[in-house]
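Structure below is upload-v6.txt: compact mmCIF, C-alpha atoms.
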```
# COMPACT_ATOMS: atom_id res chain seq x y z
CA MET A 15 304.08 97.16 71.37
CA LYS A 16 300.95 96.50 69.35
CA ARG A 17 297.63 95.45 70.85
CA PHE A 18 294.98 93.71 68.72
CA HIS A 19 291.66 95.59 68.66
CA VAL A 20 288.17 94.16 68.17
CA HIS A 21 284.98 96.25 68.29
CA MET A 22 281.60 94.50 68.38
CA HIS A 23 278.14 96.02 68.07
CA VAL A 24 275.78 94.56 70.69
CA ASP A 25 272.06 94.96 71.32
CA ASP A 26 272.08 94.49 75.11
CA LEU A 27 275.09 96.13 76.76
CA PRO A 28 274.59 94.87 80.38
CA GLN A 29 274.06 91.29 79.20
CA ASN A 30 277.21 91.46 77.05
CA ILE A 31 279.28 93.09 79.80
CA ALA A 32 278.33 90.20 82.11
CA PHE A 33 279.09 87.57 79.44
CA HIS A 34 282.45 89.02 78.37
CA SER A 35 283.52 89.67 81.98
CA ARG A 36 283.00 85.97 82.74
CA LEU A 37 284.67 84.96 79.47
CA PHE A 38 287.74 87.15 80.08
CA GLY A 39 287.84 86.57 83.84
CA ALA A 40 287.91 90.35 84.38
CA GLY A 41 285.58 93.30 84.29
CA PRO A 42 285.85 96.08 81.73
CA THR A 43 288.37 98.88 82.22
CA ARG A 44 285.84 101.45 80.99
CA VAL A 45 282.04 101.41 81.04
CA GLU A 46 279.71 104.06 79.64
CA SER A 47 275.96 103.96 78.96
CA ASP A 48 276.57 102.76 75.37
CA TYR A 49 280.11 101.32 75.51
CA ALA A 50 282.46 99.02 77.41
CA LYS A 51 286.14 98.21 76.87
CA TRP A 52 288.53 95.59 78.19
CA MET A 53 292.30 96.18 77.95
CA LEU A 54 293.49 92.60 78.29
CA GLU A 55 297.14 91.64 78.72
CA ASP A 56 296.91 87.91 77.99
CA PRO A 57 296.24 87.92 75.14
CA ARG A 58 297.11 91.58 74.53
CA VAL A 59 293.72 92.80 73.21
CA ASN A 60 291.67 95.99 73.28
CA PHE A 61 288.15 94.49 73.12
CA ALA A 62 285.29 96.97 72.90
CA ILE A 63 281.53 96.60 72.65
CA SER A 64 278.94 99.28 72.02
CA THR A 65 275.32 99.80 71.15
CA ARG A 66 276.40 102.20 68.39
CA GLY A 67 277.04 101.29 64.79
CA HIS A 68 275.49 98.60 62.70
CA ALA A 69 271.76 97.96 62.64
CA ARG A 70 272.49 94.36 63.63
CA ALA A 71 274.78 92.92 66.26
CA GLY A 72 278.18 91.56 65.30
CA LEU A 73 281.63 92.59 64.22
CA ASP A 74 282.00 96.34 63.81
CA HIS A 75 285.73 96.49 62.98
CA LEU A 76 289.19 95.10 63.74
CA GLY A 77 292.48 96.86 64.19
CA PHE A 78 295.75 97.47 65.95
CA GLN A 79 296.37 99.91 68.78
CA VAL A 80 299.98 101.09 69.12
CA ASP A 81 301.93 102.78 71.90
CA ASP A 82 303.63 105.54 69.90
CA ALA A 83 303.69 107.56 66.69
CA ALA A 84 306.60 105.55 65.23
CA GLU A 85 304.61 102.30 65.44
CA LEU A 86 301.61 104.03 63.88
CA GLY A 87 303.84 105.23 61.03
CA ALA A 88 305.05 101.67 60.44
CA LEU A 89 301.45 100.39 60.31
CA LYS A 90 300.54 103.19 57.92
CA ALA A 91 303.37 102.12 55.60
CA ARG A 92 302.04 98.53 55.71
CA ALA A 93 298.52 99.75 54.97
CA GLU A 94 299.78 101.72 51.99
CA ALA A 95 301.72 98.65 50.80
CA ALA A 96 298.52 96.57 50.99
CA ASP A 97 297.41 98.56 47.93
CA MET A 98 293.96 99.27 49.38
CA ALA A 99 292.33 102.67 49.64
CA MET A 100 293.21 104.27 52.95
CA LEU A 101 291.42 106.92 54.99
CA ASP A 102 293.86 108.92 57.12
CA GLU A 103 291.84 110.68 59.81
CA GLY A 104 294.83 112.14 61.59
CA GLU A 105 293.98 113.33 65.10
CA THR A 106 290.34 112.60 65.87
CA THR A 107 287.98 111.60 68.67
CA CYS A 108 285.95 108.43 68.99
CA CYS A 109 285.11 105.70 71.50
CA TYR A 110 285.68 108.02 74.48
CA ALA A 111 289.25 108.69 73.36
CA ARG A 112 291.34 111.19 71.44
CA SER A 113 293.61 109.42 68.97
CA GLU A 114 295.61 109.53 65.77
CA LYS A 115 294.27 106.96 63.27
CA HIS A 116 293.84 105.71 59.77
CA TRP A 117 291.62 103.03 58.20
CA ILE A 118 291.73 100.47 55.43
CA THR A 119 289.09 97.97 54.36
CA ASP A 120 290.12 94.40 53.57
CA PRO A 121 288.94 92.52 50.45
CA GLN A 122 285.95 91.11 52.42
CA GLY A 123 284.77 94.62 53.33
CA VAL A 124 285.92 94.47 56.99
CA ALA A 125 287.22 97.81 58.24
CA TRP A 126 290.66 97.82 59.93
CA GLU A 127 291.63 100.66 62.22
CA HIS A 128 295.23 101.53 63.13
CA PHE A 129 295.42 104.00 66.01
CA HIS A 130 297.49 105.56 68.77
CA SER A 131 295.41 106.66 71.76
CA LEU A 132 296.38 110.14 72.97
CA GLY A 133 293.95 110.57 75.86
CA SER A 134 290.52 109.98 77.27
CA ILE A 135 287.46 112.16 76.60
CA PRO A 136 284.12 112.20 78.48
CA VAL A 137 281.91 111.62 75.39
CA PHE A 138 281.81 108.91 72.70
CA ASN A 139 282.96 111.41 70.10
CA GLU A 140 283.24 115.15 69.75
CA SER A 141 280.85 116.04 66.96
CA VAL A 142 282.51 117.79 64.04
CA ALA A 143 281.31 118.34 60.52
CA CYS A 144 282.76 115.99 57.94
CA ALA A 145 284.71 117.97 55.39
CA PRO A 146 283.56 117.10 51.85
CA ALA A 147 287.12 116.97 50.50
CA ALA A 148 288.61 114.97 53.36
CA VAL A 149 285.51 112.94 54.26
CA ALA A 150 286.52 112.67 57.89
CA CYS A 151 285.31 110.41 60.68
CA CYS A 152 282.15 108.93 59.26
CA SER A 153 282.55 107.96 55.65
CA THR A 154 284.83 106.85 52.90
CA ALA A 155 284.34 105.25 49.53
CA ILE A 156 286.28 102.18 50.63
CA ALA A 157 283.58 100.27 52.54
CA THR A 158 280.02 99.14 52.03
CA PRO A 159 277.16 101.55 52.68
CA ALA A 160 275.45 101.55 56.05
CA ALA A 161 272.88 104.03 57.17
CA ALA A 162 273.66 103.73 60.88
CA SER A 163 277.45 103.69 60.94
CA SER A 164 279.46 104.19 64.09
CA CYS A 165 281.77 107.15 64.31
CA CYS A 166 284.68 104.82 64.39
CA GLU A 167 284.16 102.80 61.24
CA PRO A 168 284.47 104.41 57.81
CA ARG A 169 281.47 103.90 55.55
CA ALA A 170 280.70 104.69 51.95
CA THR A 171 278.45 107.70 51.53
CA ALA A 172 278.22 110.60 49.18
CA HIS A 173 280.90 113.21 49.79
CA THR A 174 278.56 115.69 51.41
CA ALA A 175 279.02 117.78 54.51
CA LYS A 176 277.12 116.38 57.46
CA ALA A 177 277.55 115.98 61.17
CA CYS A 178 279.63 112.94 62.01
CA CYS A 179 277.67 110.16 63.63
```
Once you've parsed the file, please lay out its structure as structure tokens.
Amino acid sequence: MKRFHVHMHVDDLPQNIAFHSRLFGAGPTRVESDYAKWMLEDPRVNFAISTRGHARAGLDHLGFQVDDAAELGALKARAEAADMAMLDEGETTCCYARSEKHWITDPQGVAWEHFHSLGSIPVFNESVACAPAAVACCSTAIATPAAASSCCEPRATAHTAKACC
């Protein structure tokens, strides 16, 4: 079953944890020094906030989290049918999780992530070098440039090798 995903960049994590906890009527399921996540059942949403990403607060990206590889394959087929450039990261790490994911960017420039979580990790992301040919976790030519991108959202940059995030 799919779960809608929203990731927001915030300036003050404790203040936003308090606000969203009151708004959702529940505390986050995961809290780190730079990140918090709520796995809500009604509505079925994976809502995450972090101090990483954009230089200004607001929407970081949207997406769908799925429960298995078959659902992820179906979403990938839909993304390909949308006739937008797609970045297929495959298995990767980000947002304190190991996952299989791909990205598309909608006509407004909003990044959409489709992912299947495979497990938890103790760090926001495991730093790996972006391969120039594959342009892995940090950049793609399908979104608008941003100097301070999060690991999770693809951004347009030159296809050069650099440390992700």
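Using all atoms listed in the file, the nearest neighbour of A:Ala93 within the list A:Leu37, A:Val80, A:Ala50, A:Ile118 is A:Ile118.
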Open item on the list: Using Å and a single decimal, report how far atom CA of A:His19 sits from atom CA of A:Lys51.
Closed with: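 Result for atom CA of A:Lys51 versus atom CA of A:His19: 10.2 Å, one decimal.
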Task: Minimum-distance residue to A:Val20, chosen among A:Leu76, A:Ala125, A:Ala111, A:Ala88 (using all atoms listed in the file) - done: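 Looking at the shortest contact to A:Val20, the residue is A:Leu76.
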Please define a box with edges along x, y and z of the file around all atoms of stretch 73-87 of chain A given in the file, extend it by 5 Å on each side, and return its centre and edge lengths in Å to one decimal, as AutoDock Vina command-line options.
```
--center_x 294.1 --center_y 100.1 --center_z 66.5 --size_x 35.0 --size_y 25.0 --size_z 20.9
```
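Across the model, the gap from atom CA of A:Thr65 to atom CA of A:Glu85 is 29.9 Å.
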TODO: Calculate how many Å separate atom CA of A:His34 from atom CA of A:Pro57, rounding to one decimal.
DONE: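 So the answer is 14.2 Å.
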TODO: Go through A:Leu27, A:Leu101, A:Val137, A:Val124 one by one, measure the shortest atom-to-atom distance of each to A:Ala71 using all atoms listed in the file, and give the residue with the smallest value.
DONE: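 Of A:Leu27, A:Leu101, A:Val137, A:Val124, the one nearest A:Ala71 is A:Leu27, counting all atoms listed in the file.
Using all atoms listed in the file, the shortest contact distance between A:Thr106 and any of A:Glu46, A:Glu140, A:Asp81, A:Asp56 is found at A:Glu140.
Distances here use all atoms listed in the file; by that measure, the residue among A:Met22, A:Ala83, A:Cys109, A:Ala95 closest to A:Arg70 is A:Met22.
Among the candidates A:Pro28, A:Ala69, A:Arg17, A:Met98, the one nearest to A:Met53 when counting all atoms listed in the file is A:Arg17.
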- [ ] Could you give me, as number ranges by chain, the residues that sit within 8 Å of (289.5, 93.5, 81.2) in the file's coordinates, counting only C-alpha atoms?
- [x] A: 35, 38-43, 51-54
